[in-house]
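Raw target-v8.txt, compact mmCIF, C-alpha atoms:
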```txt
# COMPACT_ATOMS: atom_id res chain seq x y z
CA LEU A 1 30.04 17.22 7.29
CA PRO A 2 33.02 14.87 6.98
CA GLU A 3 33.82 13.53 3.54
CA VAL A 4 32.54 10.00 3.05
CA PRO A 5 35.76 8.03 2.54
CA ASP A 6 34.13 5.09 0.79
CA ALA A 7 32.04 6.77 -1.90
CA THR A 8 33.26 4.16 -4.38
CA SER A 9 33.09 1.11 -2.11
CA GLY A 10 30.61 -0.96 -0.14
CA ASP A 11 28.49 -3.96 -1.02
CA THR A 12 24.80 -4.68 -1.45
CA VAL A 13 22.78 -7.85 -1.77
CA SER A 14 21.80 -8.57 -5.35
CA ALA A 15 18.08 -8.26 -6.01
CA GLU A 16 18.38 -11.62 -7.75
CA ASP A 17 18.93 -13.22 -4.33
CA LEU A 18 15.66 -11.81 -2.95
CA PRO A 19 12.00 -12.48 -3.73
CA GLU A 20 10.35 -10.05 -6.11
CA TYR A 21 9.23 -6.90 -4.32
CA ILE A 22 5.61 -6.23 -5.26
CA PRO A 23 4.32 -3.00 -3.69
CA SER A 24 0.80 -3.10 -2.30
CA LYS A 25 -2.02 -1.17 -3.98
CA GLY A 26 -1.96 1.24 -1.05
CA ASN A 27 1.77 1.70 -1.47
CA LEU A 28 1.38 2.50 -5.17
CA ALA A 29 -1.39 4.97 -4.36
CA GLN A 30 0.85 6.57 -1.74
CA ARG A 31 3.63 6.82 -4.31
CA ARG A 32 1.31 8.67 -6.72
CA TRP A 33 0.24 11.06 -3.97
CA PHE A 34 3.85 11.64 -3.00
CA GLN A 35 4.98 12.31 -6.55
CA GLU A 36 2.27 14.92 -6.99
CA SER A 37 2.85 16.66 -3.64
CA ARG A 38 6.01 18.51 -4.79
CA LEU A 39 6.86 20.30 -1.53
CA GLY A 40 7.47 19.10 2.02
CA LEU A 41 8.89 20.48 5.25
CA PHE A 42 11.98 18.83 6.73
CA ILE A 43 12.62 19.38 10.46
CA HIS A 44 15.92 18.62 12.19
CA TRP A 45 15.41 19.00 15.92
CA GLY A 46 16.86 17.55 19.07
CA ILE A 47 18.89 18.32 22.16
CA TYR A 48 21.77 19.49 19.95
CA ALA A 49 19.71 22.65 19.38
CA ASN A 50 20.70 23.73 22.91
CA LEU A 51 24.27 24.30 21.73
CA GLY A 52 23.35 26.13 18.52
CA ARG A 53 26.12 24.47 16.51
CA GLY A 54 24.15 22.11 14.32
CA GLU A 55 23.05 18.50 14.50
CA TRP A 56 26.58 17.07 14.08
CA VAL A 57 27.99 18.83 17.15
CA LEU A 58 28.57 15.61 19.11
CA HIS A 59 30.88 14.40 16.32
CA ASN A 60 32.33 17.72 15.19
CA ASP A 61 33.27 18.95 18.66
CA ARG A 62 34.37 15.50 19.88
CA ILE A 63 32.10 15.72 22.90
CA LEU A 64 32.05 12.85 25.36
CA LEU A 65 28.64 11.25 25.84
CA ALA A 66 28.83 11.89 29.58
CA ASP A 67 28.98 15.62 28.84
CA TYR A 68 26.52 15.54 25.93
CA ALA A 69 23.94 13.79 28.14
CA LYS A 70 23.75 16.95 30.25
CA LEU A 71 21.90 18.62 27.36
CA ALA A 72 18.84 16.40 27.77
CA PRO A 73 17.58 17.80 31.10
CA GLN A 74 18.09 21.31 29.68
CA PHE A 75 15.90 20.64 26.64
CA ASN A 76 12.58 22.33 27.38
CA PRO A 77 10.81 23.63 24.26
CA VAL A 78 7.97 25.37 26.08
CA LEU A 79 7.04 27.33 22.94
CA PHE A 80 6.58 24.20 20.82
CA ASP A 81 3.10 24.17 19.29
CA ALA A 82 2.56 21.25 16.90
CA THR A 83 -0.56 22.80 15.40
CA GLU A 84 1.26 26.05 14.70
CA TRP A 85 4.07 24.17 12.96
CA VAL A 86 1.66 22.13 10.83
CA LEU A 87 -0.41 25.13 9.78
CA MET A 88 2.75 27.09 8.94
CA ALA A 89 3.80 24.30 6.61
CA LYS A 90 0.34 23.89 5.13
CA ASN A 91 -0.06 27.61 4.49
CA ALA A 92 3.29 27.58 2.69
CA GLY A 93 1.98 24.96 0.26
CA MET A 94 3.75 22.03 1.91
CA ARG A 95 1.73 18.83 1.86
CA TYR A 96 3.86 16.73 4.18
CA ILE A 97 6.33 17.04 7.04
CA THR A 98 9.33 14.82 7.76
CA ILE A 99 10.90 15.17 11.22
CA THR A 100 13.92 13.58 12.87
CA SER A 101 12.52 11.05 15.32
CA LYS A 102 16.12 10.02 16.09
CA HIS A 103 19.23 11.66 14.66
CA HIS A 104 22.78 10.29 14.75
CA ASP A 105 23.21 11.18 18.44
CA GLY A 106 20.62 8.50 19.24
CA PHE A 107 18.33 10.80 21.26
CA CYS A 108 14.66 10.04 20.54
CA LEU A 109 11.83 12.55 20.19
CA TRP A 110 9.21 9.96 21.04
CA HIS A 111 8.54 7.90 24.16
CA THR A 112 10.36 4.79 23.05
CA LYS A 113 10.28 1.75 25.31
CA GLN A 114 13.73 0.65 24.16
CA THR A 115 15.82 3.30 25.95
CA LYS A 116 15.48 6.07 28.50
CA TRP A 117 17.49 8.28 26.12
CA ASN A 118 14.32 10.04 24.95
CA VAL A 119 12.44 13.30 25.30
CA VAL A 120 9.86 12.00 27.76
CA ASP A 121 12.18 10.27 30.20
CA GLN A 122 15.23 12.56 30.05
CA SER A 123 14.21 16.11 29.12
CA ALA A 124 12.66 18.86 31.20
CA TYR A 125 9.88 19.01 28.61
CA GLY A 126 8.73 15.46 29.31
CA LYS A 127 6.25 15.16 26.41
CA ASP A 128 6.15 13.02 23.27
CA ILE A 129 6.92 15.41 20.40
CA ILE A 130 6.26 12.89 17.62
CA LYS A 131 2.87 12.04 19.11
CA ALA A 132 1.87 15.71 19.22
CA LEU A 133 2.99 16.30 15.65
CA ALA A 134 1.27 13.16 14.36
CA PHE A 135 -2.01 14.31 15.93
CA ALA A 136 -1.74 17.82 14.48
CA CYS A 137 -0.91 16.48 11.02
CA ARG A 138 -3.93 14.19 11.13
CA GLU A 139 -6.20 17.04 12.25
CA HIS A 140 -5.12 19.38 9.45
CA GLY A 141 -4.67 17.05 6.49
CA VAL A 142 -0.87 17.11 6.31
CA LYS A 143 0.96 13.82 5.98
CA LEU A 144 3.81 12.88 8.31
CA GLY A 145 7.08 11.15 7.54
CA LEU A 146 9.58 10.02 10.16
CA TYR A 147 13.32 10.36 9.71
CA TYR A 148 15.23 7.67 11.60
CA SER A 149 19.00 7.33 11.84
CA PRO A 150 20.29 3.74 11.80
CA LEU A 151 23.66 5.28 12.65
CA ASP A 152 23.86 5.79 16.42
CA TRP A 153 26.72 7.60 18.19
CA SER A 154 25.45 6.77 21.68
CA HIS A 155 24.33 3.13 21.62
CA PRO A 156 26.97 0.82 23.11
CA ASP A 157 26.18 -2.01 20.68
CA TYR A 158 26.75 0.11 17.58
CA PHE A 159 30.00 -1.78 16.98
CA PRO A 160 32.17 -2.01 14.99
CA ARG A 161 32.11 1.77 14.70
CA GLY A 162 31.83 3.53 11.39
CA PHE A 163 33.91 6.58 10.56
CA THR A 164 31.82 9.12 12.50
CA GLY A 165 31.07 9.64 16.19
CA THR A 166 34.08 7.60 17.21
CA GLN A 167 35.25 9.84 20.05
CA THR A 168 32.21 9.86 22.32
CA GLY A 169 33.86 7.69 24.96
CA ARG A 170 32.12 4.38 24.27
CA PRO A 171 34.12 1.19 24.92
CA ASP A 172 35.49 -0.54 21.85
CA GLU A 173 33.10 -3.45 22.03
CA GLY A 174 29.49 -4.25 21.34
CA ASP A 175 27.02 -6.73 19.85
CA TRP A 176 25.94 -5.71 16.35
CA ASN A 177 23.03 -8.17 16.24
CA SER A 178 21.72 -6.68 19.48
CA TYR A 179 21.92 -3.23 17.94
CA LEU A 180 19.96 -4.31 14.85
CA ALA A 181 17.32 -5.85 17.11
CA TYR A 182 17.13 -2.56 19.05
CA MET A 183 16.75 -0.62 15.80
CA HIS A 184 14.00 -2.93 14.58
CA ARG A 185 12.08 -2.64 17.84
CA GLN A 186 12.24 1.14 17.60
CA LEU A 187 11.09 1.17 13.99
CA GLU A 188 8.25 -1.17 14.93
CA GLU A 189 7.14 1.33 17.57
CA LEU A 190 7.15 4.20 15.08
CA VAL A 191 5.31 2.26 12.39
CA THR A 192 2.63 0.80 14.65
CA GLU A 193 2.07 3.48 17.31
CA TYR A 194 2.14 6.78 15.43
CA GLY A 195 -0.63 6.43 12.90
CA SER A 196 -1.54 3.96 10.16
CA GLU A 197 -1.43 6.88 7.70
CA LEU A 198 2.32 7.53 8.07
CA LEU A 199 3.78 8.61 4.75
CA THR A 200 7.45 7.63 4.93
CA ILE A 201 10.19 6.04 6.96
CA TRP A 202 13.20 8.14 5.94
CA LEU A 203 16.50 6.45 6.83
CA ASP A 204 19.87 8.19 7.02
CA GLY A 205 23.22 6.78 8.12
CA TRP A 206 23.74 3.57 6.10
CA TRP A 207 26.78 5.28 4.59
CA ASP A 208 28.61 5.13 7.94
CA LEU A 209 29.06 1.36 7.49
CA PRO A 210 28.42 0.87 3.76
CA SER A 211 27.82 -2.86 3.73
CA GLU A 212 24.58 -4.66 3.06
CA ASP A 213 26.01 -7.73 4.78
CA ARG A 214 26.20 -5.64 7.94
CA TRP A 215 22.94 -3.68 7.72
CA ARG A 216 20.77 -6.41 6.14
CA SER A 217 18.48 -3.61 4.98
CA HIS A 218 16.17 -6.00 3.16
CA GLU A 219 15.21 -7.50 6.53
CA THR A 220 14.40 -4.03 7.85
CA TYR A 221 12.30 -3.25 4.80
CA GLN A 222 10.46 -6.55 4.98
CA MET A 223 9.58 -5.85 8.61
CA ILE A 224 8.32 -2.32 7.87
CA HIS A 225 6.21 -3.41 4.91
CA ARG A 226 4.82 -6.35 6.86
CA LEU A 227 3.66 -3.98 9.60
CA ASN A 228 2.35 -1.36 7.17
CA PRO A 229 2.64 -2.12 3.43
CA ASN A 230 1.53 1.39 2.51
CA ILE A 231 4.50 3.20 4.06
CA LEU A 232 7.06 4.53 1.61
CA ILE A 233 10.63 3.61 2.51
CA GLY A 234 13.46 5.91 1.49
CA ASN A 235 17.13 5.65 2.39
CA ASN A 236 19.60 8.50 2.05
CA HIS A 237 22.49 6.14 1.26
CA HIS A 238 23.55 8.04 -1.89
CA ARG A 239 23.21 4.97 -4.12
CA THR A 240 20.79 3.52 -6.61
CA PRO A 241 17.73 2.36 -4.61
CA PHE A 242 17.95 -1.06 -3.03
CA TRP A 243 15.36 -3.81 -3.09
CA GLY A 244 12.24 -2.78 -1.15
CA GLU A 245 12.71 1.00 -1.36
CA ASP A 246 9.79 3.09 -2.58
CA ILE A 247 11.31 6.55 -3.17
CA GLN A 248 14.74 7.80 -4.21
CA ILE A 249 16.40 10.54 -2.16
CA PHE A 250 19.04 13.05 -3.21
CA GLU A 251 20.85 15.26 -0.70
CA LYS A 252 21.43 18.89 -1.73
CA ASP A 253 21.49 17.83 -5.38
CA ALA A 254 19.04 17.45 -8.21
CA PRO A 255 18.38 13.84 -9.27
CA GLY A 256 21.38 12.39 -11.04
CA GLU A 257 23.74 15.21 -10.15
CA ASN A 258 26.67 15.01 -7.71
CA THR A 259 27.88 18.55 -7.07
CA LYS A 260 28.33 17.81 -3.35
CA GLY A 261 30.31 14.61 -3.82
CA TYR A 262 27.95 12.49 -1.70
CA ALA A 263 26.80 10.10 -4.43
CA HIS A 264 28.31 6.68 -4.99
CA THR A 265 29.94 6.39 -8.39
CA SER A 266 27.40 3.75 -9.44
CA LEU A 267 24.33 5.86 -8.56
CA GLN A 268 21.59 5.91 -11.16
CA VAL A 269 18.18 7.54 -11.12
CA GLU A 270 15.67 4.73 -10.73
CA GLU A 271 13.00 4.92 -13.40
CA GLY A 272 9.49 4.67 -12.02
CA LEU A 273 10.22 5.69 -8.42
CA PRO A 274 9.15 9.06 -6.98
CA LEU A 275 12.12 11.37 -6.49
CA GLU A 276 12.90 13.74 -3.63
CA THR A 277 15.66 16.29 -3.13
CA CYS A 278 16.30 17.47 0.43
CA ASP A 279 17.97 20.79 1.08
CA THR A 280 18.08 23.31 3.88
CA LEU A 281 16.74 26.82 4.27
CA HIS A 282 19.74 27.81 6.39
CA ASN A 283 22.21 29.91 4.44
CA ASN A 284 25.16 28.26 6.21
CA GLY A 285 24.08 24.83 4.99
CA ALA A 286 23.28 23.41 8.43
CA TRP A 287 20.29 21.16 9.05
CA GLY A 288 19.93 21.65 12.79
CA TYR A 289 19.67 25.00 14.58
CA THR A 290 22.77 27.17 14.66
CA ALA A 291 23.28 30.54 16.31
CA ASP A 292 23.67 31.98 12.82
CA HIS A 293 20.35 30.86 11.35
CA THR A 294 20.15 33.42 8.54
CA PRO A 295 17.85 32.02 5.85
CA ARG A 296 18.86 31.71 2.24
CA PRO A 297 17.77 34.61 0.01
CA VAL A 298 14.22 34.25 -1.31
CA ASP A 299 15.33 34.24 -4.94
CA GLN A 300 17.62 31.26 -4.22
CA VAL A 301 14.77 29.35 -2.62
CA VAL A 302 12.43 30.10 -5.54
CA LYS A 303 15.06 28.84 -7.99
CA LEU A 304 15.58 25.73 -5.88
CA VAL A 305 11.87 24.94 -5.87
CA ALA A 306 11.59 25.50 -9.62
CA ARG A 307 14.74 23.57 -10.47
CA THR A 308 13.72 20.56 -8.38
CA ALA A 309 10.30 20.50 -10.00
CA GLY A 310 12.03 20.61 -13.38
CA PHE A 311 13.57 17.25 -12.52
CA ASP A 312 10.10 15.91 -11.65
CA ALA A 313 11.14 15.66 -8.01
CA ASN A 314 9.80 16.83 -4.68
CA LEU A 315 11.68 19.36 -2.58
CA LEU A 316 11.96 18.57 1.13
CA LEU A 317 12.97 21.97 2.50
CA ASN A 318 14.56 21.93 5.94
CA ILE A 319 14.42 24.15 9.00
CA GLY A 320 16.15 23.66 12.36
CA PRO A 321 13.94 24.99 15.16
CA GLN A 322 15.39 26.79 18.15
CA PRO A 323 15.65 24.85 21.41
CA ASP A 324 12.62 26.63 22.90
CA GLY A 325 10.40 25.37 20.08
```
What do you get writing this file as structure tokens?
Amino acid sequence: LPEVPDATSGDTVSAEDLPEYIPSKGNLAQRRWFQESRLGLFIHWGIYANLGRGEWVLHNDRILLADYAKLAPQFNPVLFDATEWVLMAKNAGMRYITITSKHHDGFCLWHTKQTKWNVVDQSAYGKDIIKALAFACREHGVKLGLYYSPLDWSHPDYFPRGFTGTQTGRPDEGDWNSYLAYMHRQLEELVTEYGSELLTIWLDGWWDLPSEDRWRSHETYQMIHRLNPNILIGNNHHRTPFWGEDIQIFEKDAPGENTKGYAHTSLQVEEGLPLETCDTLHNNGAWGYTADHTPRPVDQVVKLVARTAGFDANLLLNIGPQPDG
């Protein structure tokens, strides 16, 4: 991944300027469940799997959107079995699953009404993957969280651009307020149409434009909690949690550590919030499927699980499924 150039910069709205955030009783109960769950399955999956070069391939290989779009009709995971995935996770001791509903490329794994750039309307598969997984999780007592990328390398209104995905061929113009409205409509779909028992909305990409004035995250959080006050909101922004967040996320690091250099210099571990470290099973460090998908040695994984638990944090352990499912 590219180095974040502004790890010491960016602004946030002071909590003093916002009303007190009082989590609902259901939210607090969900937090307790989450804190005790310890182990979850992270899934990075999308049309980028077709290329076998990871989830950042659109950015890393400087692919034009016109060419990248050709991957969608080729995406046909005929071997995808949501029940098999859920039972695999459950039998491994994982109590919840978090999957990429939309990664940075903007392609959606659910049948969103906001764009045709989704698995139902554009892929050969033509089925709603998030719907299938939500049903299987409900049937087998595994909770579901939905990763959503506010960063979007394909949407024309994601402008001004951040520092990633800048060479996809989009015109240098756009309406940021229109993009935020698009993002909110998509999040509303996920929160209201894919089960009242959703565990988390897991956001990733704030760091591309590290400015609370631009993202207005508190408005996003207010909307989510208005629609479902029990959902836990987490944001992988590499900073101390903002107003309205319910869990604190750490990427490839134990809470409070910064061996990868992702964390903002001001980051502090928030006392009282459940903690989660996400890391990947792939030995090459990738999140999405790569042709070299050798897993990390078992002893490394065991140490990772134990070390994360020693910090009183959950481990969200990632796999990147092959394009056939």
Go through A:Gly145, A:Val119, A:Ala89, A:Ile319 one by one, measure the shortest atom-to-atom distance of each to A:Thr294 using all atoms listed in the file, and give the residue with the smallest value.
A:Ile319
Distance query A:Tyr182 at most 12 Å, all atoms listed in the file, self and fewer than 5 positions along chain excluded, as a PDB file with C-alpha atoms, keeping the file's coordinate frame:
```
ATOM      1  CA  GLY A 106      20.620   8.500  19.240  1.00  0.00           C
ATOM      2  CA  THR A 112      10.360   4.790  23.050  1.00  0.00           C
ATOM      3  CA  LYS A 113      10.280   1.750  25.310  1.00  0.00           C
ATOM      4  CA  GLN A 114      13.730   0.650  24.160  1.00  0.00           C
ATOM      5  CA  THR A 115      15.820   3.300  25.950  1.00  0.00           C
ATOM      6  CA  PRO A 150      20.290   3.740  11.800  1.00  0.00           C
ATOM      7  CA  ASP A 152      23.860   5.790  16.420  1.00  0.00           C
ATOM      8  CA  HIS A 155      24.330   3.130  21.620  1.00  0.00           C
ATOM      9  CA  PRO A 156      26.970   0.820  23.110  1.00  0.00           C
ATOM     10  CA  ASP A 157      26.180  -2.010  20.680  1.00  0.00           C
ATOM     11  CA  TYR A 158      26.750   0.110  17.580  1.00  0.00           C
ATOM     12  CA  ASP A 175      27.020  -6.730  19.850  1.00  0.00           C
ATOM     13  CA  TRP A 176      25.940  -5.710  16.350  1.00  0.00           C
ATOM     14  CA  ASN A 177      23.030  -8.170  16.240  1.00  0.00           C
ATOM     15  CA  LEU A 187      11.090   1.170  13.990  1.00  0.00           C
ATOM     16  CA  GLU A 188       8.250  -1.170  14.930  1.00  0.00           C
ATOM     17  CA  GLU A 189       7.140   1.330  17.570  1.00  0.00           C
ATOM     18  CA  THR A 220      14.400  -4.030   7.850  1.00  0.00           C
TER      19      THR A 220
END
```
Which is closest to A:Leu315 among A:Pro210, A:Gly52, A:Gly40, A:Gly272, if we use all atoms listed in the file?
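Comparing A:Pro210, A:Gly52, A:Gly40, A:Gly272 against A:Leu315, the winner is A:Gly40.
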Just checking: using all atoms listed in the file, which residue out of A:Gln35, A:Leu316, A:Ile231, A:Tyr262 ends up closest to A:Met94?
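The closest residue to A:Met94 is A:Leu316.
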Need the neighbours of (11.2, 26.1, -6.7): which residues are at most 12 Å away, counting all atoms listed in the file, as a list of chain:residue names?
A:Arg38, A:Leu39, A:Gly40, A:Gly93, A:Ala254, A:Thr277, A:Asp279, A:Val298, A:Asp299, A:Gln300, A:Val301, A:Val302, A:Lys303, A:Leu304, A:Val305, A:Ala306, A:Arg307, A:Thr308, A:Ala309, A:Gly310, A:Phe311, A:Asp312, A:Ala313, A:Asn314, A:Leu315, A:Leu316, A:Leu317
Distance criterion (only C-alpha atoms): nearest to A:Leu209 out of A:Pro171, A:Gly162, A:Pro255, A:Gly234
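So, comparing all the options, the nearest one is A:Gly162.
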Among the residues A:Asn258, A:Gln322, A:Ser211, A:Thr98, the one that comes closest to A:Tyr289 [using all atoms listed in the file]:
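Among the listed residues, the smallest separation from A:Tyr289 belongs to A:Gln322.
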Closest to A:Arg62 among A:His111, A:Lys90, A:Asp105, A:Gly165, using all atoms listed in the file?
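With all atoms listed in the file as the atom set, the closest residue is A:Gly165.
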To one decimal place in Å, what is the distance between atom CA of A:Asp61 and atom CA of A:Thr168?
9.9 Å
Shell of 8 Å around A:Thr164, only C-alpha atoms, local chain residues under 2 positions omitted, as a list in words
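Listing them by chain and then by number gives His59, Trp153, Arg161, Gly162, Thr166 and Asp208 of chain A.
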Name the residues within 12 Å of (13.4, 5.6, -5.9), counting all atoms listed in the file in the file's coordinates, and put them as a PyMOL selection string.
chain A and resi 31+34-35+232-250+255-256+267-277+313-314
Using atom CA of A:Gly195 and atom CA of A:Ala134 as the two end points, give the distance in Å to one decimal.
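A separation of 7.1 Å between them.
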Can you tell me how far atom CA of A:Pro23 sits from atom CA of A:Glu212, in Å to one decimal?
21.4 Å
